[in-house]
Amino acid sequence: MKQALFASAFALALAGCGGGEADKSKDNGDKVEIDRNPFPSTYTPYPSQTVLLQDATVLDGIGGQIENGDVLLVDGKVEAIGEDLTAPDGATVLNVSGKWVTPGIIDNHSHLGVYPSPSVGAHGDGNEISGPVTSEVWSEHGIWPHDPGFPRALAGGITSMQILPGSANLFGGRGVTLKNVPSRTVQGMKFPDAPYTLKMACGENPKRVYGYGSGRYPGGAPYSRMGNVAGYRTAWIKATEYKRKWDKWEKEGGDPPARDLELDTLMGVLNGDILVHMHCYRGDEMAQIMDISNEFGYKVASFHHAVESYKIADKLAEYGTCSSMWADWWGFKMEAYDGIRENIPMVHKAGACAIVHSDSDIGIQRLNQEAAKALADGKRAGIDISKADAWQWLSANPAKSLGVFEKTGSLEAGKNADVVVWSGDPFSVYTQAEQVYVDGALMYERGNAALTPVMDFELGQPGEGDLK
Amino acid sequence: MIRKTLLSAVAMTALALPGFAQDLYIGNAKVWTGTDAGVVDNAGILIRDGEIVAMGAGLSAPRGGIQTVDAEGNWVTPGIISAFSRTGIVEVSAEDTTNDTNASGSAFSVALRAADGFNPAATPVAVTRIEGVTRIAVAPSNGGSMIAGQGFVADTSGDPDSMTDERAFVYVDIGERGAGLAGGSRPAAWAALRGAFADARGYPARFMAHNEGDALTRADAQAFGDAVRGRQLMVVAAHRASDIRQVIKLKAQNTNLNLTIVGADEGWIVADELAAADIPVIIDPFQNLPASFAQLGATSKNAERLIAAGVDTAFAHLGDDSHQARLILQVAGNAVANGVDFDDAMAAITTVPAQIYGLDGYGTVAVGSAGDVVIWDGDPLELSSAPSLVVIDGDVQSLESRQTRLRDRYLDLDESERPLAYKN
């Protein structure tokens with residue numbers, strides 16, 4: 001009795017929080033309620049001041065560059081951007097002449113938290129290898145918020161990131177978009193109202209892990225790329241049937257269909273609520289995935305790694321998806337063999353959406369440098385792109401791929417004040433992030449221990465968060 | 001092919017034939033010499049028979065027909081040396097048939113020579129060369145044994161004779177990996193290493209009566225002989241401060257050893273001891289995360305602190321040392337951003353690795369130096385810069401790789417006349 005009371009009080013308390021957009025299906029006779037957001041974000045912006053950043057080279061993130069530009073941050077939002085802005089009363093005015101100001105970098109491919117440092121066996125929470133279709137798992141349930149990689153990424157100007165499950169499976173599970181703000185819980189990092197994403201994977205990994213798992217893994221299908229495609233389509237067929245049942249029930253009521261966590265996620269994709277992010281290296285495979293998505297009526301938000309996007313950049317532009325890419329990784333496996341240094345600028349040139357991503361706890365600390373290399377290599381190949389345009393690879397385009405561009409990803413009035421002040425030109429190897437604002441709050445300042453987070457794991461250890 | 005006109009470096013590249021041995025004059029260069037001469041502006045460099053025979057400010061082109069290149073005031077540096085790589089012994093890392101970095105099924109350890117697996121024509125060699133890296137120290141990786149085998153030094157010309165030193169060093173992992181391979185603990189690793197030392201020193205006598213030593217086979221004990229007597233470099237992988245101290249102790253007990261530590265994420269904690277013991281380190285300045293319990297002290301300040309303490313410090317890109325050894329220039333630039341002097345960062349990818357591997361005449365641009373030089377189109381450590389000319393042993397190198405061929409094929413996707421496969 002006592003237990004039951006507690007349980008219901010708990011439920012009430014949760015409902016009272018109302019933190020999310022709990023999409024509760026309305027009563028149609030059976031009192032069935034499905035909470036579509038059972039792990040709502042508890043993040044709220046930290047206190048911020050009114051800050052006027054003055055006289056910087058400003059990249060607005062959507063192709064504009066202002067010399068001697070000002071950026072005004074008020075109440076956690078970008079209030080204005082331009083020349084000779086007037087500081088409101090009480091504003092902190094920072095002359096940042098000689099420095100550059102950009103939107104915070106958004107990495108749409110990270111495994112921080114699910115493959116944290118130290119990478120001991122107990123920390124391997126990024127791949128639910130138990131089967132080729134595990135769309136029922138959510139990366140946020142594997143994230144260790146105390147990963148020392150988060151503050152290192154912050155020092156590299158990362159203000160938001162997508163944490164994805166790994167690529168062992170055809171359907172790896174849900175990804176989640178986080179604010180790069182330390183928290184005791186994952187919920188405290190979740191980007192409010194960001195849509196969920198679904199990680200899928202092409203090619204070598206699923207067929208190796210299952211078909212040729214050498215006894216380490218469960219074995220069974222898929223053994224080949226043929227099996228991969230059959231696996232995707234079989235799952236989408238099941239999801240389509242599942243969705244049909246729920247749509248019917250929404251309309252007609254009666255007994256609700258049995259819930260299936262795996263198919264819930266896939267139905268979310270078919271309903272347009274969940275964005276597909278798909279690990280896919282080879283151009284010919286991406287072309288097949290685009291056909292599959294057309295067959296079942298969804299859209300790929302971004303191909304990831306996309307080492308061969310340059311081979312089909314025209315087709316990617318026509319379909320309208322992004323490619324999340326490294327500047328120069330190649331050769332570590334067969335599907336990465338044709339990597340070239342001009343991939344990113346060639347995708348951009350074709351009019352397709354290009355994104356610089358990391359997939360690395362080291363790379364995430366200097367994505368601006370990856371963009372710089374790609375920009376220079378493109379230029380050498382005759383593709384002239386401005387630094388202002390190239391910054392879209394780092395903020396606006398990843399924000400679009402995650403469905404959060406309305407809120408962040410550029411320095412436009414009304415957007416979240418996710419801002420980085422760089423010591424100089426961020427396309428130079430010698431430049432570092434000096435200040436990082438998240439929702440207007442100064443969350444990192446180089447050389448200032450009071451504004452450098454140290455994760456629990458590192459306290460009392462030899463390095464102590466790279467502060468010792 | 002003898003040219004008397006001054007050509008720009010770019011034009012030269014187009015005309016030069018790879019491996020075309022001839023004398024070469026480079027004019028109007030801003031030379032980072034790697035010597036006490038520092039940076040010499042408006043310099044001329046004369047290379048004959050693969051060696052620099054004259055270099056200095058105002059040195060003009062000699063009379064008579066000679067291939068000449070105008071550096072147009074740009075930076076000229078020694079060829080970059082990758083201090084620790086796996087370039088050229090693996091084509092596609094995940095494809096075992098193409099991967100000769102290690103052999104977990106082999107009965108041998110020290111006797112394994114990475115040089116036997118070197119393929120100068122491997123695509124990563126050219127990919128590395130065209131970024132200005134002219135020499136690579138290549139180590140085997142640990143397969144079945146904490147002593148991985150012997151590494152080599154080669155140039156990146158891709159020529160059949162590109163081996164510089166076939167048995168440059170023995171590579172041993174005494175950290176977590178080595179401990180695991182030795183049976184599961186650091187004590188096991190050190191017992192195995194001590195046993196291996198005894199086997200090598202006792203060779204051949206202790207193998208008269210039986211074939212097996214305490215830790216090594218007969219062939220391994222023979223192969224280890226030079227290293228344990230200090231006649232061959234031993235490169236030891238270790239990160240944790242206490243592991244590094246153990247290596248320092250090993251040298252104190254065996255003063256003739258020629259040791260270098262690779263990894264050394266916690267090197268800064270024992271920097272003074274390393275300097276006093278005269279043990280150089282090869283580090284990756286990108287490493288600033290507690291990636292393991294042996295790397296809890298990893299910091300972006302490691303390079304600055306080691307160098308300040310007087311430790312001979314070379315840089316390598318250890319994150320992907322087979323296909324991305326080329327990134328050491330970016331690595332070095334980041335070290336500068338984190339407090340290292342530009343000259344020390346340059347030394348960490350030229351003179352210091354040359355000194356570690358005993359490569360006399362490499363890593364510098366001076367009279368008597370080898371003809372490994374690179375002309376850059378900007379600051380060599382800057383992200384936007386690239387080589388406009390790469391010279392190895394006096395030979396102008398091709399700046400083409402399989403990657404540039406793919407790029408050129410796909411720059412224009414027009415297939416209206418023929419499929420792209422016809423665009424060669």
# chains A, B, ... in the order shown; residues from 1 in each chain; ligands from 1
$ residues_around --residues "region 265-278 of chain B" --least-positions-apart "3" --cutoff "8 Å" --atoms "only C-alpha atoms" --output "NGL selection string"
:B and (239-241 or 244-245 or 248 or 251-252 or 283-284 or 287-288 or 295-299 or 302-303 or 305-306 or 309-312)
$ select_by_dssp --residues "region 256-397 of chain B" --states "strand (DSSP E)" --output "number ranges by chain"
B: 259-263, 281-283, 313-315, 373-376, 387-392, 395-396
$ write_last_selection --atoms "C-alpha atoms" --output "tab-separated table (two decimals), in the first residue's frame"
chain	number	residue	atom	x	y	z
B	259	LEU	CA	66.74	4.16	-24.81
B	260	THR	CA	63.91	6.35	-26.03
B	261	ILE	CA	60.44	6.40	-24.53
B	262	VAL	CA	57.39	6.67	-26.77
B	263	GLY	CA	54.02	7.80	-25.45
B	281	VAL	CA	60.85	10.96	-25.58
B	282	ILE	CA	58.50	10.74	-28.54
B	283	ILE	CA	55.13	12.18	-27.58
B	313	THR	CA	61.38	15.69	-27.27
B	314	ALA	CA	60.17	14.48	-30.64
B	315	PHE	CA	56.56	14.59	-31.80
B	373	VAL	CA	64.35	19.54	-48.25
B	374	VAL	CA	60.83	20.88	-48.61
B	375	ILE	CA	59.61	24.19	-49.99
B	376	TRP	CA	56.33	25.31	-48.39
B	387	PRO	CA	54.65	21.67	-49.81
B	388	SER	CA	55.24	23.04	-53.27
B	389	LEU	CA	58.40	20.98	-53.70
B	390	VAL	CA	59.64	17.88	-51.92
B	391	VAL	CA	63.22	16.72	-52.42
B	392	ILE	CA	64.60	13.43	-51.11
B	395	ASP	CA	65.71	14.01	-56.11
B	396	VAL	CA	62.63	16.11	-56.81
$ closest_atom_pairs --of "chain A" --to "chain B" --cutoff "7 Å" --atoms "only C-alpha atoms" --output "JSON lines"
{"residue": "A:Ser117", "atom": "CA", "partner": "B:Ala291", "partner_atom": "CA", "distance": 4.8}
{"residue": "A:Pro118", "atom": "CA", "partner": "B:Ala291", "partner_atom": "CA", "distance": 4.3}
{"residue": "A:Ser119", "atom": "CA", "partner": "B:Ala291", "partner_atom": "CA", "distance": 5.7}
{"residue": "A:Val120", "atom": "CA", "partner": "B:Ser292", "partner_atom": "CA", "distance": 6.8}
{"residue": "A:Gly149", "atom": "CA", "partner": "B:Leu289", "partner_atom": "CA", "distance": 6.9}
{"residue": "A:Tyr310", "atom": "CA", "partner": "B:Tyr410", "partner_atom": "CA", "distance": 6.9}
{"residue": "A:Lys311", "atom": "CA", "partner": "B:Tyr410", "partner_atom": "CA", "distance": 6.1}
{"residue": "A:Trp330", "atom": "CA", "partner": "B:His323", "partner_atom": "CA", "distance": 7.0}
{"residue": "A:Gly331", "atom": "CA", "partner": "B:Val92", "partner_atom": "CA", "distance": 5.3}
{"residue": "A:Phe332", "atom": "CA", "partner": "B:Ser93", "partner_atom": "CA", "distance": 4.6}
{"residue": "A:Lys333", "atom": "CA", "partner": "B:Ala94", "partner_atom": "CA", "distance": 4.9}
{"residue": "A:Met334", "atom": "CA", "partner": "B:Val92", "partner_atom": "CA", "distance": 6.2}
{"residue": "A:Ile340", "atom": "CA", "partner": "B:Gln403", "partner_atom": "CA", "distance": 5.3}
{"residue": "A:Glu342", "atom": "CA", "partner": "B:Arg407", "partner_atom": "CA", "distance": 7.0}
{"residue": "A:Ile362", "atom": "CA", "partner": "B:Phe286", "partner_atom": "CA", "distance": 6.9}
{"residue": "A:Ala372", "atom": "CA", "partner": "B:Leu383", "partner_atom": "CA", "distance": 6.3}
{"residue": "A:Lys373", "atom": "CA", "partner": "B:Leu383", "partner_atom": "CA", "distance": 5.5}
{"residue": "A:Ala376", "atom": "CA", "partner": "B:Ser384", "partner_atom": "CA", "distance": 5.0}
{"residue": "A:Ser428", "atom": "CA", "partner": "B:Leu383", "partner_atom": "CA", "distance": 6.2}
{"residue": "A:Val429", "atom": "CA", "partner": "B:Glu382", "partner_atom": "CA", "distance": 5.6}
{"residue": "A:Tyr430", "atom": "CA", "partner": "B:Ala337", "partner_atom": "CA", "distance": 4.6}
{"residue": "A:Thr431", "atom": "CA", "partner": "B:Ala337", "partner_atom": "CA", "distance": 6.7}
{"residue": "A:Gln461", "atom": "CA", "partner": "B:Leu296", "partner_atom": "CA", "distance": 6.5}
{"residue": "A:Pro462", "atom": "CA", "partner": "B:Gly297", "partner_atom": "CA", "distance": 4.7}
{"residue": "A:Gly463", "atom": "CA", "partner": "B:Gly297", "partner_atom": "CA", "distance": 3.9}
{"residue": "A:Asp466", "atom": "CA", "partner": "B:Thr299", "partner_atom": "CA", "distance": 5.2}
$ atom_distance --atom1 "CA of Gly203 (chain A)" --atom2 "CA of Ser110 (chain A)"
19.6 Å
$ decode --residues "region 183-206 of chain A" --atoms "C-alpha atoms" --output "CSV table (one decimal), in the first residue's frame"
chain,number,residue,atom,x,y,z
A,183,SER,CA,25.7,18.1,-15.1
A,184,ARG,CA,25.2,15.4,-12.5
A,185,THR,CA,22.7,13.8,-14.8
A,186,VAL,CA,22.3,13.3,-18.5
A,187,GLN,CA,18.9,15.0,-18.3
A,188,GLY,CA,20.7,18.1,-17.1
A,189,MET,CA,22.6,18.2,-20.4
A,190,LYS,CA,19.8,17.4,-22.8
A,191,PHE,CA,19.2,20.1,-25.4
A,192,PRO,CA,15.6,21.2,-24.6
A,193,ASP,CA,13.1,20.2,-27.2
A,194,ALA,CA,15.7,18.8,-29.6
A,195,PRO,CA,14.2,16.0,-31.7
A,196,TYR,CA,15.5,12.5,-31.1
A,197,THR,CA,17.7,10.9,-33.7
A,198,LEU,CA,18.2,7.3,-35.0
A,199,LYS,CA,21.6,5.9,-35.7
A,200,MET,CA,21.8,3.5,-38.6
A,201,ALA,CA,24.9,2.0,-40.2
A,202,CYS,CA,25.9,0.8,-43.7
A,203,GLY,CA,28.6,-1.4,-44.9
A,204,GLU,CA,31.4,-3.3,-43.2
A,205,ASN,CA,30.6,-2.9,-39.5
A,206,PRO,CA,27.2,-4.6,-39.2
